[in-house]
Amino acid sequence: MTPDNETLRVKRNLTALVEFSRIVNSSLDLDFTLNNLLLSCFGKFLTTRGFVALMTNGKMEIKSQRGFSSEALHAFPENLLPEEIDSSTELSEFLEKGKCIHFEKISSSRRVLGFIALGEKITKTPYSDEEKDFLKTIINIASTAIENSLFIDELKAMNRDLDQRINRLSSLFELSKEFGLITEESRISKLLVYSMLGNFLTSIYAIVYFEEKSYKILETTISKAKLLDELKNPELHHIKDTIRKDEINSKFHNLAVMKFELIVPMKIQNETKGIILLGKRINNVDYNASDIEFIYSVASLAIISLENKRLFSEALEKQRLEEELELAKDIQKNLLPGELPEFKRFDIAAMSLSSKQVGGDYYDVIKNGENKYYVTIADVSGKGVPASLLMANLQAFLKSICKQNLEIEKATADINDLVTENTTDGKFITFFWCRLDDETAALKYVNAGHNPPILIRDGQISYLDKGGIIFGVMKTMIPYISDEIQLKKDDVIVLFTDGVTEAKNEHDDEYSDQKLEELVKINVTKSSAEILNIIKESIVQFANGTPQSDDITIIVIKVKQ
Amino acid sequence: MIVSEVIKGGIKIVGLNGRLDISTQDAVQDKINALLSDGSAKIVIDCSDLTFISSAGLRVFMSALKQVSSVDGKLVISNLNDTTRKIFDITGYDSVFNITTSLDEAIKQF
């Protein structure tokens with residue numbers, strides 16, 4: 001070779017290099033750069049086979065190639081690490097099979113990016129040292145462009161990811177506003193479903209809400225019965241973390257059969273309150289970490305909304321109960337006599353204290369003709385509004401029966417029949433009444449299963465216990481019997497309900513009949529109002545602030561003259 | 001409240017132990033329902049260890065009596081103690097229930 005030829009050849013090489021440099025550096029498109037690199041090599045070395053492999057996403061991937069079948073490419077060792085390029089037998093086997101006789105690493109100033117491999121030349125001659133140097137040179141030129149392109153691709157991917165995150169954040173923001181506004185369970189679960197479907201394109205889903213001791217399937221695309229069977233598995237109720245395909249398959253195989261691929265718990269303060277089950281996505285892509293994060297966030301919003309709704313209903317229910325109790329209290333208050341009549345022979349005082357739950361205590365003093373009065377005390381079983389309504393019925397029966405001027409035994413039997421006809425589900429009334437004659441101080445009474453009132457005469461106690469069965473359990477078959485007592489000055493009768501003798505203190509002890517009897521005996525000389533007040537004070541002191549479960553009603557009758 | 005059950009010669013003996021009130025009524029009611037479910041209604045309620053009957057408890061007794069009567073069966077109450085006997089007396093239950101002082105006597109009623 002003459003020096004002139006040599007100069008010419010170097011000049012050509014230099015021109016080619018400059019041209020190559022200009023082309024590859026003018027573009028940030030990786031494919032363009034790699035194709036140019038390969039084609040330049042093919043042109044220079046007269047070969048028709050070759051490929052460029054680069055490390056991307058942690059894998060060695062063939063990014064550009066000529067002359068390989070897709071089958072042949074399949075055998076490429078993707079797990080190859082940059083530092084293994086020189087030593088890997090897998091790679092050398094692949095190169096041998098692909099008839100690549102030379103390869104060169106592509107490195108930037110910081111790292112090994114990958115390598116280029118080239119097939120044999122048409123001339124069948126090996127690559128000369130000079131050719132190898134030329135290859136190194138153009139690789140050096142291309143490596144910067146390759147690294148830049150890789151960066152760009154990574155940036156693009158990151159941007160896509162960021163865009164998706166921004167989208168999801170803004171949809172979370174929108175969802176949080178919506179979840180805050182709706183209070184119906186069905187709408188909450190629908191919103192949850194739509195947000196899942198919109199983001200993940202799946203046609204299989206279920207949403208389950210755990211309530212106290214039970215669970216509710218809010219939404220499902222598969223048979224509720226089948227899903228209910230699976231929900232019997234207690235492990236499903238204590239899921240703390242997301243469960244993916246493989247774990248579903250091993251732990252909840254039947255759910256995997258139903259094609260569920262993801263289970264996300266809905267938690268409040270680390271307590272699992274529900275689960276979201278999602279199936280395969282239509283585009284066959286697996287759920288990635290950011291998908292799960294999104295589902296988790298939406299789930300949290302939904303479950304808070306569901307819990308709020310539940311707490312709200314509970315508060316409403318509580319308010320409704322309280323209103324009902326107020327109503328019961330009102331009915332009861334209106335049924336009790338406001339002011340008692342004035343008597344010639346008697347001094348009468350009465351009071352009734354409602355318990356918190358409002359029981360069914362009732363008392364009344366009904367005028368029945370000239371100088372005749374019925375004094376009544378009763379305890380309706382049950383509490384609240386139902387007891388108050390039965391009590392109102394009783395009062396109506398009493399008022400109409402009194403007008404008929406029947407004998408007290410017959411009147412009692414008639415009231416029992418009316419009460420029995422008008423009560424269901426085992427409600428009943430304990431009832432006592434007596435007719436007082438304000439002229440003669442005669443007393444006639446019937447006791448229908450009520451705590452016997454006590455009569456204190458000359459320090460002795462006797463019980464007014466003649467009568468018959470309580471009201472409401474059966475129609476009168478055995479006639480009620482009555483008893484008559486001619487009262488005399490200073491006799492005291494105390495009528496009461498079991499709320500008095502069964503009043504409880506903090507140790508759950510009962511106030512007891514004995515205590516009441518002793519107290520009345522000691523205070524028998526006092527006025528009826530004073531005796532009543534003493535009993536009341538004594539019970540209050542005994543109870544020592546313990547809330548009472550039953551109403552407390554007391555009537556004290558004292559014979560004045 | 002402990003509710004026990006013994007069957008002797010076709011007679012079902014329900015033993016009640018403790019207080020029969022609003023908190024225990026369901027257990028007793030359920031037991032009686034279960035015993036009546038086979039159509040035979042010869043029942044003795046043994047109250048030897050029953051310490052108290054509240055109004056809710058009274059309801060259980062009356063409902064048992066009604067159930068048994070509706071299928072032509074028979075209900076006998078045995079071994080009431082002083083407290084529970086007093087409750088039966090005050091409420092007039094003594095006039096509608098078949099009450100005996102011993103289990104042997106109760107079984108003889110059938």
# chains A, B, ... in the order shown; residues from 1 in each chain; ligands from 1
$ closest_atom_pairs --of "chain A" --to "chain B" --cutoff "6 Å" --atoms "only C-alpha atoms" --output "Markdown table"
| residue | atom | partner | partner_atom | distance |
| --- | --- | --- | --- | --- |
| A:Gly426 | CA | B:Arg59 | CA | 5.7 |
| A:Gly449 | CA | B:Thr91 | CA | 3.4 |
| A:Gly468 | CA | B:Gly92 | CA | 4.9 |
| A:Ile469 | CA | B:Gly92 | CA | 3.7 |
| A:Ile470 | CA | B:Thr91 | CA | 5.3 |
$ residues_around --residues "segment 33-43 of chain B" --least-positions-apart "2" --cutoff "8 Å" --atoms "only C-alpha atoms" --output "list in words"
Gly10, Ile11, Lys12, Ile13, Val14, Gln29, Asp30, Lys31, Ile45, Val68, Val71, Asp72, Gly73, Lys74, Leu75, Val76 and Phe110 of chain B
$ write_last_selection --atoms "N, CA and C atoms" --output "compact mmCIF listing (two decimals), in the first residue's frame"
# COMPACT_ATOMS: atom_id res chain seq x y z
N GLY B 10 -91.47 -41.30 79.35
CA GLY B 10 -92.23 -40.44 78.44
C GLY B 10 -92.57 -39.08 79.04
N ILE B 11 -92.21 -38.88 80.31
CA ILE B 11 -92.48 -37.58 80.94
C ILE B 11 -91.18 -36.76 80.90
N LYS B 12 -91.31 -35.55 80.38
CA LYS B 12 -90.11 -34.71 80.25
C LYS B 12 -90.00 -33.81 81.48
N ILE B 13 -88.90 -33.97 82.18
CA ILE B 13 -88.71 -33.17 83.40
C ILE B 13 -87.66 -32.09 83.14
N VAL B 14 -88.11 -30.83 83.23
CA VAL B 14 -87.21 -29.70 83.01
C VAL B 14 -86.79 -29.16 84.38
N GLN B 29 -87.49 -20.83 77.58
CA GLN B 29 -88.48 -20.90 76.50
C GLN B 29 -88.00 -21.82 75.38
N ASP B 30 -86.73 -21.67 75.02
CA ASP B 30 -86.17 -22.50 73.95
C ASP B 30 -86.23 -23.97 74.31
N LYS B 31 -85.91 -24.27 75.57
CA LYS B 31 -85.92 -25.67 76.01
C LYS B 31 -87.33 -26.23 75.91
N ILE B 45 -92.10 -29.16 85.32
CA ILE B 45 -91.02 -28.20 85.56
C ILE B 45 -90.64 -28.31 87.03
N VAL B 68 -98.74 -26.16 76.05
CA VAL B 68 -99.03 -27.54 76.42
C VAL B 68 -100.54 -27.81 76.29
N VAL B 71 -101.92 -28.54 72.77
CA VAL B 71 -101.71 -29.86 72.17
C VAL B 71 -102.23 -30.97 73.08
N ASP B 72 -103.18 -30.61 73.99
CA ASP B 72 -103.77 -31.59 74.90
C ASP B 72 -102.76 -32.28 75.79
N GLY B 73 -101.71 -31.57 76.14
CA GLY B 73 -100.71 -32.16 77.03
C GLY B 73 -100.99 -31.75 78.46
N LYS B 74 -99.98 -31.94 79.29
CA LYS B 74 -100.17 -31.61 80.69
C LYS B 74 -98.88 -31.01 81.23
N LEU B 75 -99.03 -29.96 82.04
CA LEU B 75 -97.85 -29.32 82.63
C LEU B 75 -98.02 -29.32 84.15
N VAL B 76 -97.01 -29.83 84.84
CA VAL B 76 -97.05 -29.84 86.30
C VAL B 76 -95.82 -29.10 86.82
N PHE B 110 -99.57 -38.05 85.87
CA PHE B 110 -99.75 -38.42 84.46
C PHE B 110 -100.38 -39.80 84.30
$ atom_distance --atom1 "atom CA of Val473 of chain A" --atom2 "atom CA of Pro386 of chain A"
16.6 Å
$ residues_around --residues "segment 79-83 of chain B" --least-positions-apart "3" --cutoff "8 Å" --atoms "only C-alpha atoms" --output "NGL selection string"
:B and (46-48 or 50-52 or 86-87 or 100-103)
$ atom_distance --atom1 "atom CA of Ala289 of chain A" --atom2 "atom CA of Leu169 of chain A"
14.9 Å
$ select_by_dssp --residues "segment 2-109 of chain B" --states "helix (DSSP H, G or I)" --output "MDAnalysis selection string"
chainID B and resid 25:36 55:70 82:91 93:95 103:108
$ write_last_selection --atoms "C-alpha atoms" --output "PDB file, in the first residue's frame"
ATOM      1  CA  GLN B  25     -86.230 -16.420  79.905  1.00  0.00           C
ATOM      2  CA  ASP B  26     -85.071 -17.313  76.389  1.00  0.00           C
ATOM      3  CA  ALA B  27     -83.068 -20.320  77.556  1.00  0.00           C
ATOM      4  CA  VAL B  28     -86.097 -21.766  79.322  1.00  0.00           C
ATOM      5  CA  GLN B  29     -88.485 -20.901  76.502  1.00  0.00           C
ATOM      6  CA  ASP B  30     -86.167 -22.497  73.946  1.00  0.00           C
ATOM      7  CA  LYS B  31     -85.916 -25.665  76.008  1.00  0.00           C
ATOM      8  CA  ILE B  32     -89.694 -25.932  76.297  1.00  0.00           C
ATOM      9  CA  ASN B  33     -90.136 -25.296  72.574  1.00  0.00           C
ATOM     10  CA  ALA B  34     -87.610 -28.002  71.824  1.00  0.00           C
ATOM     11  CA  LEU B  35     -89.354 -30.482  74.116  1.00  0.00           C
ATOM     12  CA  LEU B  36     -92.729 -29.777  72.525  1.00  0.00           C
ATOM     13  CA  SER B  55     -92.496 -10.851  85.482  1.00  0.00           C
ATOM     14  CA  ALA B  56     -90.649 -12.070  82.389  1.00  0.00           C
ATOM     15  CA  GLY B  57     -90.387 -15.453  84.080  1.00  0.00           C
ATOM     16  CA  LEU B  58     -94.121 -15.477  84.788  1.00  0.00           C
ATOM     17  CA  ARG B  59     -94.649 -14.994  81.086  1.00  0.00           C
ATOM     18  CA  VAL B  60     -92.569 -18.079  80.310  1.00  0.00           C
ATOM     19  CA  PHE B  61     -94.667 -20.233  82.674  1.00  0.00           C
ATOM     20  CA  MET B  62     -97.925 -18.963  81.218  1.00  0.00           C
ATOM     21  CA  SER B  63     -96.743 -19.417  77.652  1.00  0.00           C
ATOM     22  CA  ALA B  64     -95.628 -22.984  78.478  1.00  0.00           C
ATOM     23  CA  LEU B  65     -99.054 -23.707  79.956  1.00  0.00           C
ATOM     24  CA  LYS B  66    -100.780 -22.340  76.848  1.00  0.00           C
ATOM     25  CA  GLN B  67     -98.531 -24.319  74.503  1.00  0.00           C
ATOM     26  CA  VAL B  68     -99.031 -27.540  76.423  1.00  0.00           C
ATOM     27  CA  SER B  69    -102.797 -27.048  76.643  1.00  0.00           C
ATOM     28  CA  SER B  70    -103.058 -26.377  72.928  1.00  0.00           C
ATOM     29  CA  ASP B  82     -91.116 -20.304  99.742  1.00  0.00           C
ATOM     30  CA  THR B  83     -90.137 -17.356  97.560  1.00  0.00           C
ATOM     31  CA  THR B  84     -91.323 -18.771  94.266  1.00  0.00           C
ATOM     32  CA  ARG B  85     -94.445 -20.249  95.849  1.00  0.00           C
ATOM     33  CA  LYS B  86     -95.267 -16.766  97.157  1.00  0.00           C
ATOM     34  CA  ILE B  87     -94.904 -15.356  93.656  1.00  0.00           C
ATOM     35  CA  PHE B  88     -97.295 -18.038  92.360  1.00  0.00           C
ATOM     36  CA  ASP B  89     -99.754 -17.208  95.157  1.00  0.00           C
ATOM     37  CA  ILE B  90     -99.638 -13.430  94.718  1.00  0.00           C
ATOM     38  CA  THR B  91    -100.125 -13.552  90.968  1.00  0.00           C
ATOM     39  CA  TYR B  93    -100.898 -18.583  89.254  1.00  0.00           C
ATOM     40  CA  ASP B  94    -101.639 -21.088  92.011  1.00  0.00           C
ATOM     41  CA  SER B  95    -105.207 -21.223  90.769  1.00  0.00           C
ATOM     42  CA  LEU B 103     -91.283 -34.783  91.883  1.00  0.00           C
ATOM     43  CA  ASP B 104     -92.799 -38.204  92.657  1.00  0.00           C
ATOM     44  CA  GLU B 105     -96.158 -36.590  93.190  1.00  0.00           C
ATOM     45  CA  ALA B 106     -95.742 -34.695  89.928  1.00  0.00           C
ATOM     46  CA  ILE B 107     -95.022 -37.878  87.969  1.00  0.00           C
ATOM     47  CA  LYS B 108     -98.093 -39.528  89.522  1.00  0.00           C
TER      48      LYS B 108
END
$ residues_around --residues "segment 522-535 of chain A" --least-positions-apart "2" --cutoff "8 Å" --atoms "only C-alpha atoms" --output "PyMOL selection string"
chain A and resi 347-351+456+490+492+516+518-520+537-539+554-558
